[in-house]
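> Enclosed is the structure file protein-v5.cif (mmCIF, C-alpha atoms).
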```
data_model
#
loop_
_atom_site.group_PDB
_atom_site.id
_atom_site.type_symbol
_atom_site.label_atom_id
_atom_site.label_comp_id
_atom_site.auth_asym_id
_atom_site.auth_seq_id
_atom_site.Cartn_x
_atom_site.Cartn_y
_atom_site.Cartn_z
ATOM 1 C CA MET G 996 94.217 101.571 193.048
ATOM 2 C CA THR G 997 97.468 102.060 194.926
ATOM 3 C CA SER G 998 100.826 102.248 193.277
ATOM 4 C CA PRO G 999 103.046 99.162 193.666
ATOM 5 C CA ASP G 1000 105.745 99.238 196.304
ATOM 6 C CA ARG G 1001 108.917 98.995 194.294
ATOM 7 C CA ASN G 1002 110.952 98.171 197.472
ATOM 8 C CA ALA G 1003 108.719 95.275 198.508
ATOM 9 C CA PRO G 1004 109.755 91.701 197.785
ATOM 10 C CA ASP G 1005 108.313 90.146 194.596
ATOM 11 C CA PRO G 1006 105.838 87.388 195.604
ATOM 12 C CA GLY G 1007 105.827 85.948 192.115
ATOM 13 C CA ALA G 1008 109.563 85.514 192.152
ATOM 14 C CA ALA G 1009 109.453 84.037 195.672
ATOM 15 C CA ASP G 1010 107.027 81.196 195.014
ATOM 16 C CA GLY G 1011 108.243 80.460 191.463
ATOM 17 C CA ALA G 1012 104.656 80.062 190.227
ATOM 18 C CA ASP G 1013 105.255 82.237 187.165
ATOM 19 C CA ASP G 1014 108.826 82.940 186.099
ATOM 20 C CA THR G 1015 107.766 85.171 183.291
ATOM 21 C CA ARG G 1016 105.698 87.353 185.614
ATOM 22 C CA GLY G 1017 108.593 87.525 188.018
ATOM 23 C CA TRP G 1018 111.284 88.732 185.649
ATOM 24 C CA ARG G 1019 108.781 91.048 183.984
ATOM 25 C CA ARG G 1020 108.335 92.730 187.369
ATOM 26 C CA ALA G 1021 112.056 92.739 187.843
ATOM 27 C CA LEU G 1022 112.547 94.523 184.568
ATOM 28 C CA ALA G 1023 109.859 96.984 185.565
ATOM 29 C CA ARG G 1024 112.184 98.163 188.339
ATOM 30 C CA VAL G 1025 114.656 99.351 185.705
ATOM 31 C CA PRO G 1026 113.340 102.521 184.049
ATOM 32 C CA VAL G 1027 115.067 101.864 180.715
ATOM 33 C CA ALA G 1028 113.706 98.323 180.547
ATOM 34 C CA ARG G 1029 110.091 99.210 181.261
ATOM 35 C CA ASP G 1030 109.283 99.760 177.646
ATOM 36 C CA VAL G 1031 110.915 96.475 176.657
ATOM 37 C CA ALA G 1032 108.972 94.599 179.285
ATOM 38 C CA ALA G 1033 105.745 96.170 178.167
ATOM 39 C CA ARG G 1034 106.297 94.774 174.698
ATOM 40 C CA LEU G 1035 106.873 91.183 175.818
ATOM 41 C CA PRO G 1036 103.908 88.827 175.303
ATOM 42 C CA HIS G 1037 101.732 87.965 178.319
ATOM 43 C CA ARG G 1038 101.132 84.344 179.088
ATOM 44 C CA HIS G 1039 97.379 84.807 179.046
ATOM 45 C CA GLY G 1040 97.567 86.516 175.617
ATOM 46 C CA GLY G 1041 99.432 83.686 173.906
ATOM 47 C CA ALA G 1042 96.296 81.990 172.594
ATOM 48 C CA GLN G 1043 95.016 85.246 171.152
ATOM 49 C CA THR G 1044 98.348 85.846 169.437
ATOM 50 C CA ARG G 1045 98.325 82.343 167.971
ATOM 51 C CA ARG G 1046 94.794 82.923 166.670
ATOM 52 C CA ALA G 1047 95.924 86.198 165.036
ATOM 53 C CA HIS G 1048 98.869 84.467 163.390
ATOM 54 C CA LEU G 1049 96.576 81.711 162.164
ATOM 55 C CA GLY G 1050 94.230 84.350 160.688
ATOM 56 C CA TRP G 1051 97.065 85.901 158.724
ATOM 57 C CA ARG G 1052 98.242 82.520 157.432
ATOM 58 C CA VAL G 1053 94.750 81.682 156.190
ATOM 59 C CA GLY G 1054 93.634 85.150 155.070
ATOM 60 C CA THR G 1055 96.651 86.066 152.966
ATOM 61 C CA PRO G 1056 96.288 83.180 150.450
ATOM 62 C CA VAL G 1057 92.549 83.871 150.223
ATOM 63 C CA VAL G 1058 93.155 87.523 149.323
ATOM 64 C CA VAL G 1059 95.767 86.526 146.738
ATOM 65 C CA LEU G 1060 93.400 83.985 145.157
ATOM 66 C CA MET G 1061 90.548 86.522 145.013
ATOM 67 C CA SER G 1062 92.843 89.096 143.359
ATOM 68 C CA GLY G 1063 93.914 86.559 140.762
ATOM 69 C CA ALA G 1064 90.272 85.697 140.066
ATOM 70 C CA LEU G 1065 89.446 89.377 139.528
ATOM 71 C CA PHE G 1066 92.332 89.754 137.082
ATOM 72 C CA ALA G 1067 91.160 86.673 135.186
ATOM 73 C CA VAL G 1068 87.572 87.951 134.961
ATOM 74 C CA SER G 1069 88.772 91.376 133.762
ATOM 75 C CA GLY G 1070 90.950 89.794 131.093
ATOM 76 C CA THR G 1071 88.067 87.610 129.861
ATOM 77 C CA ASN G 1072 85.589 90.490 129.699
ATOM 78 C CA SER G 1073 87.998 92.846 127.952
ATOM 79 C CA GLU G 1074 88.774 90.316 125.180
ATOM 80 C CA GLY G 1075 92.119 91.985 124.667
ATOM 81 C CA THR G 1076 90.742 95.537 124.668
ATOM 82 C CA ASP G 1077 91.039 98.353 127.159
ATOM 83 C CA LEU G 1078 88.308 98.259 129.835
ATOM 84 C CA ARG G 1079 88.863 101.985 130.291
ATOM 85 C CA PRO G 1080 88.424 103.389 126.759
ATOM 86 C CA GLY G 1081 90.514 106.421 126.011
ATOM 87 C CA ARG G 1082 89.770 109.557 124.087
ATOM 88 C CA TYR G 1083 89.283 107.770 120.776
ATOM 89 C CA THR G 1084 87.425 104.466 120.383
ATOM 90 C CA SER G 1085 88.266 103.769 116.740
ATOM 91 C CA LEU G 1086 90.464 104.849 113.889
ATOM 92 C CA THR G 1087 87.443 106.439 112.196
ATOM 93 C CA ASP G 1088 86.829 108.681 115.210
ATOM 94 C CA LEU G 1089 90.490 109.643 115.236
ATOM 95 C CA THR G 1090 90.426 110.437 111.521
ATOM 96 C CA GLU G 1091 87.311 112.577 111.837
ATOM 97 C CA ALA G 1092 88.745 114.445 114.824
ATOM 98 C CA GLU G 1093 91.990 115.120 112.980
ATOM 99 C CA SER G 1094 90.019 116.278 109.942
ATOM 100 C CA ARG G 1095 88.097 118.780 112.038
ATOM 101 C CA THR G 1096 91.370 120.027 113.476
ATOM 102 C CA TYR G 1097 92.802 120.350 109.976
ATOM 103 C CA GLU G 1098 89.781 122.300 108.743
ATOM 104 C CA ARG G 1099 90.009 124.648 111.712
ATOM 105 C CA LEU G 1100 93.716 125.258 111.161
ATOM 106 C CA GLU G 1101 93.150 125.683 107.432
ATOM 107 C CA ALA G 1102 90.551 128.383 108.094
ATOM 108 C CA GLN G 1103 92.992 130.172 110.389
ATOM 109 C CA ALA G 1104 95.722 129.943 107.755
ATOM 110 C CA GLN G 1105 93.432 131.356 105.075
ATOM 111 C CA ALA G 1106 92.535 134.266 107.328
ATOM 112 C CA LEU G 1107 96.210 134.972 107.935
ATOM 113 C CA GLU G 1108 96.984 134.726 104.209
ATOM 114 C CA ALA G 1109 94.229 137.227 103.473
ATOM 115 C CA GLU G 1110 95.677 139.557 106.082
ATOM 116 C CA VAL G 1111 99.153 139.209 104.606
ATOM 117 C CA GLU G 1112 97.788 139.903 101.124
ATOM 118 C CA THR G 1113 96.009 143.028 102.356
ATOM 119 C CA LEU G 1114 99.149 144.289 104.081
ATOM 120 C CA SER G 1115 101.296 143.479 101.034
ATOM 121 C CA LYS G 1116 99.097 145.606 98.808
ATOM 122 C CA GLN G 1117 99.693 148.522 101.126
ATOM 123 C CA VAL G 1118 103.444 148.306 100.611
ATOM 124 C CA ASP G 1119 104.601 150.947 98.124
ATOM 125 C CA ASP G 1120 107.482 149.059 96.548
ATOM 126 C CA ASP G 1121 108.178 148.293 92.879
ATOM 127 C CA GLN G 1122 109.754 144.913 93.588
ATOM 128 C CA VAL G 1123 106.771 143.790 95.656
ATOM 129 C CA ARG G 1124 104.388 144.828 92.888
ATOM 130 C CA ARG G 1125 106.392 142.885 90.277
ATOM 131 C CA VAL G 1126 106.246 139.709 92.410
ATOM 132 C CA GLU G 1127 102.505 140.178 92.910
ATOM 133 C CA ARG G 1128 101.913 140.519 89.157
ATOM 134 C CA LYS G 1129 103.938 137.357 88.506
ATOM 135 C CA ALA G 1130 101.997 135.440 91.153
ATOM 136 C CA GLU G 1131 98.726 136.632 89.644
ATOM 137 C CA ARG G 1132 99.699 135.273 86.225
ATOM 138 C CA LEU G 1133 100.474 131.862 87.765
ATOM 139 C CA ARG G 1134 97.183 131.481 89.593
ATOM 140 C CA GLY G 1135 95.497 129.640 86.725
ATOM 141 C CA ALA G 1136 98.335 127.154 86.258
ATOM 142 C CA ALA G 1137 98.409 126.531 90.010
ATOM 143 C CA GLY G 1138 94.701 125.692 90.052
ATOM 144 C CA LEU G 1139 93.694 128.674 92.186
ATOM 145 C CA ASP G 1140 91.177 130.058 89.683
ATOM 146 C CA PRO G 1141 87.809 128.388 88.924
ATOM 147 C CA VAL G 1142 87.453 126.628 85.582
ATOM 148 C CA SER G 1143 84.271 125.563 83.789
ATOM 149 C CA GLY G 1144 83.342 123.971 80.487
ATOM 150 C CA PRO G 1145 82.486 120.637 78.856
ATOM 151 C CA GLY G 1146 84.087 117.517 80.252
ATOM 152 C CA LEU G 1147 83.565 114.167 81.970
ATOM 153 C CA ARG G 1148 82.034 112.876 85.181
ATOM 154 C CA ILE G 1149 83.130 109.482 86.503
ATOM 155 C CA VAL G 1150 81.667 107.818 89.588
ATOM 156 C CA MET G 1151 83.658 104.988 91.196
ATOM 157 C CA SER G 1152 82.087 102.920 93.974
ATOM 158 C CA ASP G 1153 82.599 99.773 96.046
ATOM 159 C CA ALA G 1154 80.714 96.589 95.339
ATOM 160 C CA PRO G 1155 77.300 96.323 97.079
ATOM 161 C CA THR G 1156 77.550 95.689 100.811
ATOM 162 C CA ASP G 1157 75.711 92.348 100.650
ATOM 163 C CA LYS G 1158 78.140 91.082 98.009
ATOM 164 C CA ILE G 1159 81.113 92.046 100.178
ATOM 165 C CA GLU G 1160 79.574 90.344 103.217
ATOM 166 C CA ASP G 1161 78.833 87.199 101.191
ATOM 167 C CA LYS G 1162 82.427 87.019 99.983
ATOM 168 C CA ILE G 1163 83.739 87.363 103.515
ATOM 169 C CA ALA G 1164 81.311 84.691 104.754
ATOM 170 C CA GLU G 1165 82.501 82.372 101.964
ATOM 171 C CA GLY G 1166 86.067 82.793 103.193
ATOM 172 C CA ALA G 1167 87.293 84.647 100.106
ATOM 173 C CA SER G 1168 90.992 85.460 100.068
ATOM 174 C CA GLU G 1169 92.251 88.933 100.912
ATOM 175 C CA GLN G 1170 93.164 89.423 97.254
ATOM 176 C CA VAL G 1171 89.559 88.799 96.198
ATOM 177 C CA GLN G 1172 88.216 91.066 98.927
ATOM 178 C CA ASN G 1173 90.487 93.879 97.750
ATOM 179 C CA LEU G 1174 88.853 93.713 94.321
ATOM 180 C CA LEU G 1175 85.502 94.614 95.871
ATOM 181 C CA VAL G 1176 86.435 98.141 96.995
ATOM 182 C CA VAL G 1177 87.867 101.311 95.471
ATOM 183 C CA HIS G 1178 91.454 101.994 96.489
ATOM 184 C CA GLN G 1179 93.491 105.182 96.379
ATOM 185 C CA GLU G 1180 95.519 103.893 93.448
ATOM 186 C CA ASP G 1181 92.327 103.396 91.434
ATOM 187 C CA ILE G 1182 91.481 107.075 91.864
ATOM 188 C CA GLN G 1183 95.075 108.110 91.209
ATOM 189 C CA ASN G 1184 95.198 106.086 87.993
ATOM 190 C CA LEU G 1185 92.005 107.722 86.756
ATOM 191 C CA VAL G 1186 93.206 111.244 87.609
ATOM 192 C CA ASN G 1187 96.535 110.605 85.860
ATOM 193 C CA ALA G 1188 94.680 109.378 82.766
ATOM 194 C CA LEU G 1189 92.565 112.542 82.743
ATOM 195 C CA TRP G 1190 95.679 114.720 82.937
ATOM 196 C CA ALA G 1191 97.225 112.677 80.125
ATOM 197 C CA GLY G 1192 94.063 113.327 78.077
ATOM 198 C CA GLY G 1193 94.507 117.096 78.364
ATOM 199 C CA ALA G 1194 92.210 117.911 81.296
ATOM 200 C CA ARG G 1195 92.303 121.589 82.226
ATOM 201 C CA ALA G 1196 91.009 120.984 85.743
ATOM 202 C CA VAL G 1197 90.099 117.927 87.839
ATOM 203 C CA THR G 1198 88.048 117.646 91.015
ATOM 204 C CA ILE G 1199 87.437 114.759 93.421
ATOM 205 C CA GLN G 1200 84.304 115.050 95.561
ATOM 206 C CA GLY G 1201 84.213 118.702 94.509
ATOM 207 C CA GLN G 1202 87.765 119.337 95.764
ATOM 208 C CA ARG G 1203 90.151 120.814 93.217
ATOM 209 C CA VAL G 1204 93.153 118.612 92.483
ATOM 210 C CA VAL G 1205 96.497 120.460 92.344
ATOM 211 C CA THR G 1206 100.118 119.346 92.303
ATOM 212 C CA THR G 1207 100.238 119.066 96.098
ATOM 213 C CA THR G 1208 96.972 117.132 96.527
ATOM 214 C CA GLY G 1209 97.481 113.910 98.475
ATOM 215 C CA ILE G 1210 95.142 110.925 97.985
ATOM 216 C CA LYS G 1211 95.322 108.323 100.742
ATOM 217 C CA CYS G 1212 93.161 105.495 102.053
ATOM 218 C CA SER G 1213 91.973 105.498 105.672
ATOM 219 C CA GLY G 1214 89.769 102.528 106.494
ATOM 220 C CA SER G 1215 86.682 102.689 104.290
ATOM 221 C CA ALA G 1216 87.265 106.348 103.346
ATOM 222 C CA VAL G 1217 89.712 108.214 101.110
ATOM 223 C CA LEU G 1218 91.576 111.214 102.478
ATOM 224 C CA LEU G 1219 91.969 114.269 100.258
ATOM 225 C CA GLY G 1220 94.275 116.788 101.828
ATOM 226 C CA GLY G 1221 93.642 115.215 105.216
ATOM 227 C CA VAL G 1222 89.834 115.316 104.910
ATOM 228 C CA PRO G 1223 88.036 111.921 104.723
ATOM 229 C CA PHE G 1224 85.429 111.304 102.020
ATOM 230 C CA PRO G 1225 83.337 108.106 101.853
ATOM 231 C CA GLN G 1226 82.471 106.300 98.642
ATOM 232 C CA PRO G 1227 81.077 106.643 96.020
ATOM 233 C CA TYR G 1228 83.782 108.912 94.605
ATOM 234 C CA THR G 1229 82.845 111.470 91.961
ATOM 235 C CA ILE G 1230 85.685 112.641 89.736
ATOM 236 C CA GLU G 1231 85.028 115.458 87.279
ATOM 237 C CA ALA G 1232 87.310 116.925 84.648
ATOM 238 C CA VAL G 1233 87.079 119.951 82.372
ATOM 239 C CA GLY G 1234 88.497 119.382 78.905
ATOM 240 C CA ASP G 1235 87.980 117.664 75.587
ATOM 241 C CA ALA G 1236 85.816 114.629 76.356
ATOM 242 C CA THR G 1237 87.021 112.602 73.360
ATOM 243 C CA ASP G 1238 90.699 112.993 74.226
ATOM 244 C CA MET G 1239 90.148 112.174 77.888
ATOM 245 C CA VAL G 1240 88.069 109.050 77.117
ATOM 246 C CA GLU G 1241 90.796 107.870 74.762
ATOM 247 C CA ALA G 1242 93.407 108.339 77.499
ATOM 248 C CA ILE G 1243 91.243 106.362 79.927
ATOM 249 C CA ASP G 1244 90.849 103.526 77.420
ATOM 250 C CA ASP G 1245 94.631 103.412 76.950
ATOM 251 C CA ASN G 1246 95.301 103.067 80.680
ATOM 252 C CA GLU G 1247 95.682 99.358 81.439
ATOM 253 C CA ARG G 1248 94.994 99.724 85.136
ATOM 254 C CA ILE G 1249 91.757 101.600 84.543
ATOM 255 C CA THR G 1250 90.841 98.970 81.967
ATOM 256 C CA GLY G 1251 91.288 96.312 84.662
ATOM 257 C CA PHE G 1252 89.034 98.207 87.068
ATOM 258 C CA ARG G 1253 86.359 98.565 84.394
ATOM 259 C CA ALA G 1254 86.575 94.831 83.711
ATOM 260 C CA ASP G 1255 85.919 94.201 87.416
ATOM 261 C CA ALA G 1256 82.942 96.551 87.183
ATOM 262 C CA ASP G 1257 81.513 94.468 84.324
ATOM 263 C CA ASN G 1258 82.155 91.226 86.222
ATOM 264 C CA PRO G 1259 78.952 90.334 88.146
ATOM 265 C CA ASP G 1260 81.008 88.313 90.621
ATOM 266 C CA ILE G 1261 82.830 91.516 91.704
ATOM 267 C CA GLY G 1262 80.537 94.388 90.811
ATOM 268 C CA VAL G 1263 82.501 97.532 91.641
ATOM 269 C CA GLY G 1264 80.997 100.682 90.158
ATOM 270 C CA PHE G 1265 82.360 102.675 87.216
ATOM 271 C CA ASP G 1266 79.961 105.112 85.573
ATOM 272 C CA LEU G 1267 81.321 107.527 82.935
ATOM 273 C CA THR G 1268 79.227 110.286 81.366
ATOM 274 C CA GLU G 1269 79.969 113.295 79.193
ATOM 275 C CA GLU G 1270 78.862 116.620 80.634
ATOM 276 C CA ALA G 1271 78.180 119.867 78.799
ATOM 277 C CA ASP G 1272 79.171 122.006 81.761
ATOM 278 C CA VAL G 1273 81.552 120.951 84.515
ATOM 279 C CA GLN G 1274 82.311 123.412 87.312
ATOM 280 C CA ALA G 1275 85.740 123.149 88.958
ATOM 281 C CA ALA G 1276 86.155 125.553 91.854
ATOM 282 C CA GLY G 1277 89.536 127.087 92.527
ATOM 283 C CA TYR G 1278 91.786 125.459 95.090
ATOM 284 C CA ASP G 1279 91.536 127.236 98.446
ATOM 285 C CA GLY G 1280 93.728 125.052 100.635
ATOM 286 C CA LEU G 1281 97.233 125.489 101.971
ATOM 287 C CA LEU G 1282 99.975 126.285 99.473
ATOM 288 C CA ASP G 1283 103.147 126.019 101.525
ATOM 289 C CA ILE G 1284 105.353 122.929 101.168
ATOM 290 C CA ASP G 1285 107.376 121.979 104.239
ATOM 291 C CA ALA G 1286 108.971 118.669 103.263
ATOM 292 C CA ALA G 1287 109.011 118.524 99.445
ATOM 293 C CA THR G 1288 111.495 120.411 97.296
ATOM 294 C CA PRO G 1289 111.237 121.314 93.591
ATOM 295 C CA ARG G 1290 112.716 118.721 91.277
ATOM 296 C CA THR G 1291 115.496 120.014 89.066
ATOM 297 C CA THR G 1292 116.223 118.628 85.599
ATOM 298 C CA SER G 1293 119.802 117.768 84.704
#
```
Would you mind giving the structure from this file in structure tokens?


Amino acid sequence: MTSPDRNAPDPGAADGADDTRGWRRALARVPVARDVAARLPHRHGGAQTRRAHLGWRVGTPVVVLMSGALFAVSGTNSEGTDLRPGRYTSLTDLTEAESRTYERLEAQAQALEAEVETLSKQVDDDQVRRVERKAERLRGAAGLDPVSGPGLRIVMSDAPTDKIEDKIAEGASEQVQNLLVVHQEDIQNLVNALWAGGARAVTIQGQRVVTTTGIKCSGSAVLLGGVPFPQPYTIEAVGDATDMVEAIDDNERITGFRADADNPDIGVGFDLTEEADVQAAGYDGLLDIDAATPRTTS
């Protein structure tokens, strides 16, 4: 193929058969305009360009409609939940994970406390020894020493599962449903009654109750010091059984719970027995208080 003669006359411009071809060739003679001319549409490519434009006009709405349909299907299938579940799938899983973390940190803290105690004993200082002797005398009152002796065992439990399910199926009110399970305040009321009856030591699920023990509900479990325990709940107390039973009988809220236990339409559990030997292990959890401050009497 030979190069075009740029000095030769333009036959397209001479016969006027194709004006576009003529001025395109004219522009080609100008170096700066060559690029512009190259970008201008050819007459023979007009149909192809129109077909491309038509494809975009038709294809774009189709893509938008398909995207909307996918969003609608995703929303229906998710039913308001996350289609990409995260680290925790339920509050129970979160509670158990946090409990494991707490137990691990508690073990580390106990190891550090033991190390501090060992190092403190190596300090040859009269003031340090006096503080240690005072702390040793307060261990019993703080619940750090084990206690054993005669006492009471009380087991509190939710109503049977089938009864709870029947009540829900019947459309029972939330107030009625609440009567079918043990709540944190039910346990707290019982523990307070035992203290009022002169209990020397109290345990819940084998965990020693001290002044800093927190009792909280978390779903169907009760948290003791951050650790979840499912029902039934066993509460034991060391002390004079007669005095503690009398204190329980005098507590109106416990009386109401026991009435619900005797009501066959509710059926929560309350089983009280006297025990000749109750073992209450010493508290071995954390002792530091970060938020609370001692209450002063005026």

> Hey, can you check how far CA of Val1142 in chain G sits from CA of Ala1275 in chain G?

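Going from CA of Val1142 in chain G over to CA of Ala1275 in chain G covers 5.1 Å.
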
> Report the distance between CA of Ala1276 in chain G and CA of Arg1248 in chain G in Å, rounded to one decimal place.

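Interatomic distance here is 28.1 Å.
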
> If the PyMOL selection byres ((chain G and resi 1137) around 12) is run on the structure shown, which residues does it catch, given as a PyMOL selection string?

chain G and resi 1130-1136+1138-1142+1195-1196+1203-1208+1277-1280+1282

> Evaluated on this file, the PyMOL selection byres ((chain G and resi 1252) around 10) picks out some residues - which ones are they, written as a PDB file with C-alpha atoms, keeping the file's coordinate frame?


```pdb
ATOM      1  CA  MET G1151      83.658 104.988  91.196  1.00  0.00           C
ATOM      2  CA  LEU G1174      88.853  93.713  94.321  1.00  0.00           C
ATOM      3  CA  VAL G1177      87.867 101.311  95.471  1.00  0.00           C
ATOM      4  CA  ASP G1181      92.327 103.396  91.434  1.00  0.00           C
ATOM      5  CA  LEU G1185      92.005 107.722  86.756  1.00  0.00           C
ATOM      6  CA  GLU G1247      95.682  99.358  81.439  1.00  0.00           C
ATOM      7  CA  ARG G1248      94.994  99.724  85.136  1.00  0.00           C
ATOM      8  CA  ILE G1249      91.757 101.600  84.543  1.00  0.00           C
ATOM      9  CA  THR G1250      90.841  98.970  81.967  1.00  0.00           C
ATOM     10  CA  GLY G1251      91.288  96.312  84.662  1.00  0.00           C
ATOM     11  CA  ARG G1253      86.359  98.565  84.394  1.00  0.00           C
ATOM     12  CA  ALA G1254      86.575  94.831  83.711  1.00  0.00           C
ATOM     13  CA  ASP G1255      85.919  94.201  87.416  1.00  0.00           C
ATOM     14  CA  ALA G1256      82.942  96.551  87.183  1.00  0.00           C
ATOM     15  CA  ASP G1257      81.513  94.468  84.324  1.00  0.00           C
ATOM     16  CA  ASN G1258      82.155  91.226  86.222  1.00  0.00           C
ATOM     17  CA  VAL G1263      82.501  97.532  91.641  1.00  0.00           C
ATOM     18  CA  GLY G1264      80.997 100.682  90.158  1.00  0.00           C
ATOM     19  CA  PHE G1265      82.360 102.675  87.216  1.00  0.00           C
TER      20      PHE G1265
END
```

> Looking at G:Val1126, G:Val1171, G:Leu1281, G:Ala1109, which one is nearest to Gly1221 in chain G, with distances taken over all atoms listed in the file?

G:Leu1281

> Could you please determine the separation between CA of Val1222 in chain G and CA of Glu1169 in chain G in Å, to one decimal place?

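CA of Glu1169 in chain G lies 26.8 Å from CA of Val1222 in chain G.
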